[in-house]
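S.K.: Quick one: structure below, then a few questions.
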Amino acid sequence: MNAVDIKQKVSKTLEQYPAAVFKNRKDHVIVKDSEADVQIITANTRTVPGIITNRGCCYAGCKGVVLGPLRDALIITHGPIGCGYYSWGTRRHKGRIDGDEKNYLSYCLSTDLQEGDIVFGGDKKLKQAITEAVEIFHPETIMICSTCPVGLIGDDINADAAWAQKEFGIKVLAFSCEGYKGVSQSGGHHIANNSLIKHVIGTGERAVGKYSLNILGEYNIGGDGWEVERIMKRIGYDIVSVMTGNGTVRDLSNAHLAHLNVVQCHRSINYIGEMMNTKYGHDWIKVNFIGVQSMAKSLRDIAAYFGDKDLIDRTEEVIAEEISEISDAMEYFRNICQGKTAALFVGGSRAHHYQMLLKDIGVETVLAGYEFGHRDDYEGREVIPTIKADGDSKNIESIEVEPDSKYYRVFLSPERVIELKNTINLNDYPGMMKGMSDGSIVIDDLNHYETEEFLKILKPDIFCSGIKDKYISHKAGVFSKQLHSYDYSGPYAGFKGAVNFARDIAMGLTTPSWKLITPPWKKEPMLEGTMAV
Amino acid sequence: MKNRNFTNLNINPCKVCMPMGAVMAFKGIENSMVMLHGSQGCSTYIRRHMAGHYNEPIDIASSSLNEEGTVYGGEKNLKKGLKNLIELYNPDVIGVATTCLAETIGEDIKRITSEFAESEGLEKDRIIPMSTAGYGGTGFEGYFSALLSIVKSIAKDSRPNGKINVIVGNVSPGDVRNIKDILDSFSIDYIILPDISDTLDSPYSKEYSRIPKGGTRLEDIRRMAGSSATIELGVTIPEALSPGQYLLSAYNVPLYKCPIPMGIENTDLFVNILSQLSGRPVPERLVSERGRMLDGMIDSHKYNGEGRAVIYGEPELVYAVGRLCFENGIKPVLIATGSQNGEIKQLFKEYFSKNGMSPDEEGKNGDFPLIIDDTDFETIQDYSVKLEANILIGNSDGKIITEKEGIPLVRIGFPIHDRMGGQRQVYTGYNGSMRLIDDITNTLLENKYEGYRKRMYSKYYQPENQVQPANDSRTADIDKKTQSHPCYSSGAACSNARMHIPVAPACNISCNYCNRKFDCVNESRPGVTSEVLTPEQAAEKFVMVKSKLKNLKVIGIAGPGDALANFSNTKKSIELIKKLDPDITFCLSTNGLMLPYYAEELIALGVSHVTITINTIDPTIGAKIYREINFMGMKLYGEQAAKLLLDNQLIGLRMLSSRGIVCKVNIVMIKGVNDSHIPEVVKKVKECGAFMTNIMPLIPASGSVFENMELTNNRDLTEMRKKCEVDLKQMYHCKQCRADAIGILGEDVHGEFERNSCKGCAPAPAEAGRKETVYLFAVASKSGIMIDQHFGHAEEFYIYESRDSKIKLLEKRNVDKYCSESECDSEESKIEKTIKAIEDCNAVLVLRIGYRPAKALEEKGISVIQTCERIEAGIRQAVKEIEEARVVLGARS
């Protein structure tokens with residue numbers, strides 16, 4: 001199907017909407033066309049009510065995404081039971097303790113507010129809940145995340161946190177991440193980022209290795225982070241902190257001491273990357289650990305940043321070894337998957353990252369979209385100055401940081417910056433759209449109706465999304481792979497992870513069940529016979 | 001019993017929120033959609049969870065309220081959302097459920113939705129508002145309040161239609177299909193609400209319909225007001241949320257309530273109602289299914305008897321599953337729900353009473369399960385361990401307990417997100433119930449046979465043959481403790497103090513040299529004490545003594561009865577004191593009867609020194625020393641008793657010494673009975689690992705059988721000790737202390753620390769020939785004539801006095817009067833309060849008594865006599881038993 005056909009079909013699909021919805025949605029969908037002057041997508045704006053969106057809320061972004069994976073932080077959800085319950089153990093950010101460390105990942109703690117608390121305020125209950133939590137768990141850090149009603153009943157969770165911090169002599173942080181704030185999870189990421197830079201990063205002290213770095217926006221889903229760390233450590237990097245997969249508040253407190261930040265999920269953590277740049281002078285590199293080629297490129301980019309010959313040689317050595325180990329397996333699975341097409345709709349980065357891995361196994365991406373991405377995630381950071389802040393974004397606090405008097409450093413000379421900028425994504429992210437082929441659909445905040453329609457139009461072989469839309473795809477006869485939780489599989493990152501992904505995709509495509517969908521009486525003539533009288 | 005370990009913090013919730021329950025109910029209506037009025041996270045989270053369980057697309061719209069909406073109201077968003085929803089989905093009916101946010105900002109959805117319907121020209125009942133604040137209840141209440149809203153808004157056609165309404169609780173689509181099958185088998189014309197059988201488990205088909213096919217037809221719901229009856233599959237639903245109740249009061253539709261048909265009796269009830277309402281006999285198919293189920297129940301009883309189940313989830317489900325477990329001999333030790341629901345407990349009480357079981361005793365050994373509501377998994381996990389559960393029955397969220405405690409889980413209910421097929425489960429009806437039993441049985445079996453050979457080998461074979469080497473660091477520690485123990489080291493005897501805590505009043509053997517009936521502060525011999533302490537009092541006293549006696553190194557438990565006949569007191573005392581002072585040495589003395597049973601626990605508790613009184617190794621001699629023994633409720637006399645006692649003493653001694661515990665053996669030297677036999681005893685106990693023996697002279701206590709025995713003089717004693725020293729270390733400095741002795745050996749200062757000082761030696765020691773014996777009896781009687789009441793049922797006791805064989809009724813005591821409101825308002829304290837009421841009695845005469853209260857009474861030194869006869873006859877018999885067999889009575893004054 002050519003680009004023109006697709007454009008027509010897209011228009012036709014959107015025209016089914018009521019006029020106001022059509023007006024809104026048409027700007028969220030683009031058919032990639034490199035001939036066009038500019039292609040601007042509308043993103044990070046309010047969802048149309050009544051449409052079955054896949055977006056979550058501010059609380060989900062703050063508690064679920066950014067803070068949730070910190071294994072030594074005891075998170076108390078302040079609100080009625082639902083939100084705490086729904087964010088309990090569903091994201092598969094894995095954590096493992098070293099020695100006698102504490103690990104609270106398997107717990108869900110909630111103040112479980114009742115009617116009376118809503119009427120008379122929940123401060124008292126929160127304070128007592130913190131007291132009880134300290135009594136049982138003896139945590140070093142407590143984080144309080146509020147849900148919708150808390151912001152409306154006048155609870156002052158910041159004051160409560162300050163009280164607890166003094167009372168128990170531990171770190172207690174409050175996050176006002178009420179669900180209604182912002183337009184999606186994105187606001188929650190920002191709120192979490194702000195507090196981590198204000199209260200956590202820069203409070204620790206430890207000696208760091210020669211090549212030290214922080215990995216930002218890697219959440220260790222299904223063990224992704226472990227595979228990445230394994231490779232990094234083989235090369236010889238000292239990983240000071242991971243934000244936040246299998247991460248700890250203790251490690252984060254030392255993050256300012258590392259030499260470099262590498263950013264995996266741009267959307268959820270770019271604020272910290274930028275703020276650390278201003279406050280401590282760190283450069284950040286946008287990397288992508290998903291896909292064999294992109295993993296190799298990311299490792300080369302990091303080595304190039306340090307510019308050390310030994311490091312560069314070691315990097316090449318490790319890449320060669322790792323790739324030789326997996327190349328047979330990848331070849332086998334590529335033979336199965338070659339020529340298939342995929343549609344991707346995931347969060348704020350993965351819809352981009354996984355295009356690379358799919359390419360490794362010969363699968364072309366025909367549609368990609370983000371749930372809560374901003375324009376820069378689609379079009380590249382160069383558009384940031386042109387994005388007009390609307391009321392909803394203004395409601396999310398954007399903090400200003402200043403160079404730190406003690407820790408601010410300059411890592412690169414201006415000449416070296418220019419030199420590097422030409423070869424790697426230094427302090428920059430070019431976005432998803434540039435790499436996509438003409439005629440592919442780029443879509444923001446895909447909803448149920450559109451999913452169904454676009455699956456019909458594009459007939460992809462694979463639909464990569466989350467569990468909410470997984471079964472729409474299955475009902476449509478299209479194999480679906482969850483890229484939020486990996487369908488209880490993983491890791492998919494790095495070199496060995498790539499094989500897991502290739503295997504799972506090959507398995508899904510070749511499941512014998514697909515062939516049995518049509519029963520014999522629908523495709524073969526019925527048995528003929530005569531009746532004996 | 002607490003519902004939750006922590007009141008302000010819910011740790012690992014055992015409930016979902018109200019809006020999710022509402023959505024689940026609404027998904028069973030044909031061509032319907034739900035919109036949640038609130039932040040979009042609510043619908044996303046709920047979709048995510050439901051999709052994970054049902055493996056179906058779950059469409060829930062949201063009004064996507066944001067900051068602006070919270071300030072200016074969400075009306076605009078809601079109306080816009082409804083319009084879009086209708087345009088895209090064209091549902092016949094839309095449920096609009098509120099969330100925390102909408103309720104907190106006070107949205108009037110009734111007005112908004114009716115205004116919307118009017119302005120859009122929609123039928124009035126096309127949009128159904130449901131008020132479901134997340135903080136207003138749980139998924140269970142959300143589910144039924146949604147059903148009630150649906151019925152109230154739509155069911156208005158009261159023309160008789162001859163149909164039967166069936167309202168189903170929140171069960172799987174598979175179970176709804178099964179229930180429909182049962183209804184069909186009676187050829188009943190029914191309206192089932194809600195019907196999620198297809199909507200939440202839809203078959204694969206070429207054509208995908210955006211709103212899944214199936215569900216209860218609106219037309220049918222409309223006519224529910226004119227049906228000839230309603231069967232509501234729910235017995236724990238609050239009346240105010242019951243759709244059946246509403247149809248009864250508003251339209252006079254007769255209501256039949258029945259639990260979810262799980263288990264044979266629940267299914268019988270359902271089938272019976274159907275047979276009655278339809279006027280048809282039970283179809284042959286169901287009869288056979290019932291037969292097959294019974295067949296299967298009997299076949300698997302031998303495995304199920306070992307089941308100790310923790311059942312958790314929504315109230316309706318835990319009640320049904322609990323009943324199924326009871327029918328199959330699986331003992332539910334804990335039934336828990338996260339909802340606030342007192343009905344479950346009430347229903348089980350009724351069930352118990354109806355079946356002649358006592359609903360009084362909760363906890364570990366009682367038959368009545370612990371039932372808690374408004375709880376969380378942290379608490380459930382705690383109880384699962386405490387109550388020694390070996391199987392969990394409930395949803396996937398309980399896997400946290402399996403992961404941490406290794407207790408296997410049978411998955412049932414919602415959500416099941418880590419296994420496949422939750423939506424297809426059929427656990428109702430005779431067929432489904434049998435499936436559930438099989439799943440439970442097989443899980444028990446799998447658990448039992450995992451490592452079975454190894455377990456059995458080490459449990460029954462290994463310990464006899466292969467002595468486990470004692471842990472080195474522990475041995476070193478024990479050596480140190482032996483050096484500083486006044487009884488084990490004569491050097492330490494002068495410098496280190498010890499304290500005997502009299503926490504063990506009851507005894508399980510009767511020795512002829514013993515009389516523990518009275519106390520005089522001036523008397524000093526074993527078995528005597530001025531007061532009996534509870535573990536808490538003992539700990540308190542310890543703190544007091546420790547503050548005055550800095551050289552206090554040892555805590556001993558030496559009666560006044562036997563430390564192991566009061567094991568729970570002994571254990572608790574040690575635990576409490578250990579917490580206060582981890583370095584203290586613990587020792588205890590015992591007759592050894594229960595030693596094999598508690599040896600491991602003693603070691604685990606950190607008891608380092610144990611004294612066992614072994615007077616003989618010859619049962620013939622033993623029969624002269626011991627009158628009777630009470631072995632786990634069984635009374636034995638003569639040589640048989642002596643033999644059993646001896647075996648247990650030696651096994652126990654071996655078990656302890658092989659593990660490095662220092663054991664001293666006390667031998668009472670009784671002239672003419674065992675004196676010549678003592679060297680043999682010493683040799684034998686040495687062989688079994690004893691560290692030393694302590695040969696003591698008999699003290700002919702007055703009132704004891706041996707009161708007129710000849711005294712052993714010091715010369716004979718020393719000679720005997722010298723003789724035996726060749727074989728084993730001897731103790732020369734024994735002072736034969738009281739059960740409440742305190743201080744350095746021989747300088748007893750217990751009087752200074754007594755809680756109540758001595759008020760003279762009353763009652764006077766009995767004098768031969770002229771004794772006036774007075775006993776008090778508490779009698780549980782309904783009629784006042786017969787002993788015919790269960791201990792736990794008695795609200796009052798008849799107090800009888802027997803003075804020199806004259807029996808007199810003194811008074812009737814109401815149990816309630818003996819308890820102040822604050823301490824006895826909870827269920828579990830009922831036993832305590834009853835005991836308090838009859839504390840001064842020597843014995844209790846009852847028809848039956850549960851294990852726990854009987855034990856509690858015995859610990860207090862009150863004898864328990866179970867009988868069914870006339871009160872006077874019972875008391876006469878009791879007096880006789882007491883005097884003849886000399887049932888050991890606690891020291892009462």
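So you can find residues: chains in the structure tokens are A, B, ... in the order shown, residues in each start at 1, and ligands are numbered from 1 in order.
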At a cut-off of 7 Å, can you tabulate as JSON lines every residue of chain A near chain B together with its closest atom pair and the distance in Å to one decimal, using only C-alpha atoms and ordering rows by chain then number?

M.R.:
{"residue": "A:Pro18", "atom": "CA", "partner": "B:Glu87", "partner_atom": "CA", "distance": 6.9}
{"residue": "A:Thr47", "atom": "CA", "partner": "B:Ser64", "partner_atom": "CA", "distance": 6.8}
{"residue": "A:Pro49", "atom": "CA", "partner": "B:Gly81", "partner_atom": "CA", "distance": 4.2}
{"residue": "A:Gly50", "atom": "CA", "partner": "B:Gly81", "partner_atom": "CA", "distance": 3.7}
{"residue": "A:Ile51", "atom": "CA", "partner": "B:Ala61", "partner_atom": "CA", "distance": 6.0}
{"residue": "A:Ile52", "atom": "CA", "partner": "B:Ala61", "partner_atom": "CA", "distance": 5.1}
{"residue": "A:Asn54", "atom": "CA", "partner": "B:Thr44", "partner_atom": "CA", "distance": 6.3}
{"residue": "A:Arg55", "atom": "CA", "partner": "B:Thr44", "partner_atom": "CA", "distance": 6.6}
{"residue": "A:Gly56", "atom": "CA", "partner": "B:Gly41", "partner_atom": "CA", "distance": 4.3}
{"residue": "A:Cys57", "atom": "CA", "partner": "B:Gly41", "partner_atom": "CA", "distance": 4.3}
{"residue": "A:Pro80", "atom": "CA", "partner": "B:Tyr135", "partner_atom": "CA", "distance": 5.1}
{"residue": "A:Ile81", "atom": "CA", "partner": "B:Cys17", "partner_atom": "CA", "distance": 6.3}
{"residue": "A:Gly82", "atom": "CA", "partner": "B:Cys17", "partner_atom": "CA", "distance": 4.8}
{"residue": "A:Tyr85", "atom": "CA", "partner": "B:Pro13", "partner_atom": "CA", "distance": 6.3}
{"residue": "A:Tyr86", "atom": "CA", "partner": "B:Tyr45", "partner_atom": "CA", "distance": 6.0}
{"residue": "A:Tyr107", "atom": "CA", "partner": "B:Asn12", "partner_atom": "CA", "distance": 6.0}
{"residue": "A:Cys108", "atom": "CA", "partner": "B:Asn12", "partner_atom": "CA", "distance": 4.7}
{"residue": "A:Leu109", "atom": "CA", "partner": "B:Ile11", "partner_atom": "CA", "distance": 4.6}
{"residue": "A:Ser110", "atom": "CA", "partner": "B:Asn10", "partner_atom": "CA", "distance": 5.1}
{"residue": "A:Thr111", "atom": "CA", "partner": "B:Leu9", "partner_atom": "CA", "distance": 5.0}
{"residue": "A:Asp112", "atom": "CA", "partner": "B:Asn10", "partner_atom": "CA", "distance": 6.1}
{"residue": "A:Leu113", "atom": "CA", "partner": "B:Tyr135", "partner_atom": "CA", "distance": 6.0}
{"residue": "A:Gln114", "atom": "CA", "partner": "B:Tyr135", "partner_atom": "CA", "distance": 4.8}
{"residue": "A:Glu115", "atom": "CA", "partner": "B:Tyr135", "partner_atom": "CA", "distance": 5.6}
{"residue": "A:Lys125", "atom": "CA", "partner": "B:Asn8", "partner_atom": "CA", "distance": 5.9}
{"residue": "A:Gln128", "atom": "CA", "partner": "B:Asn8", "partner_atom": "CA", "distance": 6.2}
{"residue": "A:Ala129", "atom": "CA", "partner": "B:Asn8", "partner_atom": "CA", "distance": 4.8}
{"residue": "A:Glu132", "atom": "CA", "partner": "B:Phe6", "partner_atom": "CA", "distance": 6.8}
{"residue": "A:Cys148", "atom": "CA", "partner": "B:Leu101", "partner_atom": "CA", "distance": 5.5}
{"residue": "A:Pro149", "atom": "CA", "partner": "B:Leu101", "partner_atom": "CA", "distance": 5.4}
{"residue": "A:Gly179", "atom": "CA", "partner": "B:Ser39", "partner_atom": "CA", "distance": 5.9}
{"residue": "A:Tyr180", "atom": "CA", "partner": "B:Asn66", "partner_atom": "CA", "distance": 4.4}
{"residue": "A:Lys181", "atom": "CA", "partner": "B:Glu67", "partner_atom": "CA", "distance": 5.5}
{"residue": "A:Gly182", "atom": "CA", "partner": "B:Asn66", "partner_atom": "CA", "distance": 6.7}
{"residue": "A:Val183", "atom": "CA", "partner": "B:Asn66", "partner_atom": "CA", "distance": 7.0}
{"residue": "A:Ile467", "atom": "CA", "partner": "B:Arg48", "partner_atom": "CA", "distance": 6.3}
{"residue": "A:Lys468", "atom": "CA", "partner": "B:Arg48", "partner_atom": "CA", "distance": 5.3}
{"residue": "A:Asp469", "atom": "CA", "partner": "B:Pro57", "partner_atom": "CA", "distance": 6.4}
{"residue": "A:Tyr471", "atom": "CA", "partner": "B:Pro57", "partner_atom": "CA", "distance": 5.0}
{"residue": "A:Ile472", "atom": "CA", "partner": "B:Pro57", "partner_atom": "CA", "distance": 5.4}
{"residue": "A:Lys475", "atom": "CA", "partner": "B:Tyr204", "partner_atom": "CA", "distance": 6.4}
{"residue": "A:Ala476", "atom": "CA", "partner": "B:Tyr208", "partner_atom": "CA", "distance": 6.6}

S.K.: What's around stretch 345-362 of chain A at 8 Å? Count only C-alpha atoms, leave out sequence neighbours fewer than 2 positions away in its own chain, and write the answer as a compact mmCIF listing (two decimals) with C-alpha atoms, in the first residue's frame.

M.R.:
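The resulting file, out.txt, is shown below:
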# COMPACT_ATOMS: atom_id res chain seq x y z
CA CYS A 265 13.85 6.37 28.38
CA HIS A 266 13.98 9.97 27.31
CA ARG A 267 10.41 10.81 28.19
CA SER A 268 10.35 9.83 31.82
CA ASN A 288 19.16 2.61 23.11
CA PHE A 289 19.91 -0.76 24.63
CA ILE A 290 17.14 -2.49 22.70
CA GLY A 291 18.35 -4.21 19.53
CA VAL A 292 21.69 -5.75 18.65
CA GLN A 293 22.89 -2.95 16.40
CA SER A 294 21.59 -0.16 18.60
CA MET A 330 19.44 -14.46 15.81
CA GLU A 331 19.91 -15.82 12.34
CA PHE A 333 14.80 -16.47 14.36
CA ARG A 334 15.33 -13.86 11.63
CA ASN A 335 14.59 -16.53 9.06
CA CYS A 337 10.33 -13.41 11.16
CA GLN A 338 11.80 -11.91 8.00
CA GLY A 339 9.37 -9.80 5.99
CA LYS A 340 6.71 -9.46 8.68
CA ALA A 343 2.58 -1.96 14.81
CA GLU A 364 9.32 -3.57 9.46
CA THR A 365 7.38 -1.14 11.59
CA LEU A 367 2.75 2.10 12.81
CA ALA A 368 4.26 3.54 15.95
CA GLY A 369 2.84 5.70 18.67
CA TYR A 370 3.30 6.86 22.20
CA GLU A 371 0.80 6.90 25.02
CA PHE A 372 2.20 9.94 26.76
CA GLY A 373 5.08 11.20 24.60
CA ASP A 377 9.87 12.37 21.54
CA MET A 432 11.35 8.68 16.71
CA LEU A 446 -4.01 5.69 20.26
CA PHE A 463 1.02 -5.75 17.48
CA CYS A 464 3.27 -4.64 20.30
CA SER A 465 1.41 -2.92 23.07
CA GLY A 466 0.11 -3.44 26.59
CA LEU A 483 5.99 -4.38 25.62
CA HIS A 484 5.03 -2.99 29.01
CA ALA A 498 17.60 -9.65 21.87
CA ALA A 502 13.39 -12.83 18.77

S.K.: Do you have, as a Markdown table, the list of residues of stretch 59-108 of chain A lying at most 10 Å from stretch 235-252 of chain A, each with its nearest atom pair and that distance in Å to one decimal, counting only C-alpha atoms and ordered by chain then number?

M.R.:
| residue | atom | partner | partner_atom | distance |
| --- | --- | --- | --- | --- |
| A:Val65 | CA | A:Thr244 | CA | 8.7 |
| A:Val66 | CA | A:Thr244 | CA | 6.4 |
| A:Leu67 | CA | A:Thr244 | CA | 7.1 |
| A:Gly68 | CA | A:Thr244 | CA | 8.1 |
| A:Pro69 | CA | A:Gly245 | CA | 5.2 |
| A:Leu70 | CA | A:Gly247 | CA | 4.9 |
| A:Arg71 | CA | A:Thr248 | CA | 5.7 |
| A:Asp72 | CA | A:Thr248 | CA | 5.5 |
| A:Ala73 | CA | A:Val249 | CA | 6.7 |
| A:Arg92 | CA | A:Gly245 | CA | 10.0 |
| A:His93 | CA | A:Gly245 | CA | 6.2 |
| A:Lys94 | CA | A:Asn246 | CA | 6.2 |
| A:Gly95 | CA | A:Asn246 | CA | 4.5 |
| A:Arg96 | CA | A:Asn246 | CA | 6.7 |
| A:Ile97 | CA | A:Asn246 | CA | 8.6 |
| A:Glu101 | CA | A:Thr248 | CA | 9.8 |
| A:Lys102 | CA | A:Thr248 | CA | 9.6 |
| A:Asn103 | CA | A:Thr248 | CA | 9.3 |
| A:Leu105 | CA | A:Asn246 | CA | 9.4 |

S.K.: Write to file, as an mmCIF file, in the first residue's frame, the residues of the selection just made, with C-alpha atoms.

M.R.:
data_model
loop_
_atom_site.group_PDB
_atom_site.id
_atom_site.type_symbol
_atom_site.label_atom_id
_atom_site.label_comp_id
_atom_site.auth_asym_id
_atom_site.auth_seq_id
_atom_site.Cartn_x
_atom_site.Cartn_y
_atom_site.Cartn_z
ATOM 1 C CA VAL A 65 7.038 4.364 36.820
ATOM 2 C CA VAL A 66 9.768 6.440 38.366
ATOM 3 C CA LEU A 67 9.635 5.758 42.111
ATOM 4 C CA GLY A 68 8.253 2.234 42.145
ATOM 5 C CA PRO A 69 11.462 0.417 41.171
ATOM 6 C CA LEU A 70 13.517 1.940 44.021
ATOM 7 C CA ARG A 71 13.843 -1.065 46.235
ATOM 8 C CA ASP A 72 14.982 0.599 49.442
ATOM 9 C CA ALA A 73 12.273 3.260 49.457
ATOM 10 C CA ARG A 92 7.603 -6.247 36.646
ATOM 11 C CA HIS A 93 10.444 -3.941 37.553
ATOM 12 C CA LYS A 94 12.651 -6.557 39.091
ATOM 13 C CA GLY A 95 14.826 -5.981 42.123
ATOM 14 C CA ARG A 96 17.379 -8.013 43.924
ATOM 15 C CA ILE A 97 19.056 -7.246 47.198
ATOM 16 C CA GLU A 101 19.805 -4.554 52.153
ATOM 17 C CA LYS A 102 16.139 -3.841 52.376
ATOM 18 C CA ASN A 103 13.743 -4.603 49.572
ATOM 19 C CA LEU A 105 9.274 -4.054 46.061
#

S.K.: Work out how far atom CA of B:Ser704 is from atom CA of B:Ile501, in Å to one decimal.

M.R.: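 Spanning atom CA of B:Ile501 to atom CA of B:Ser704 is a straight-line distance of 23.7 Å.
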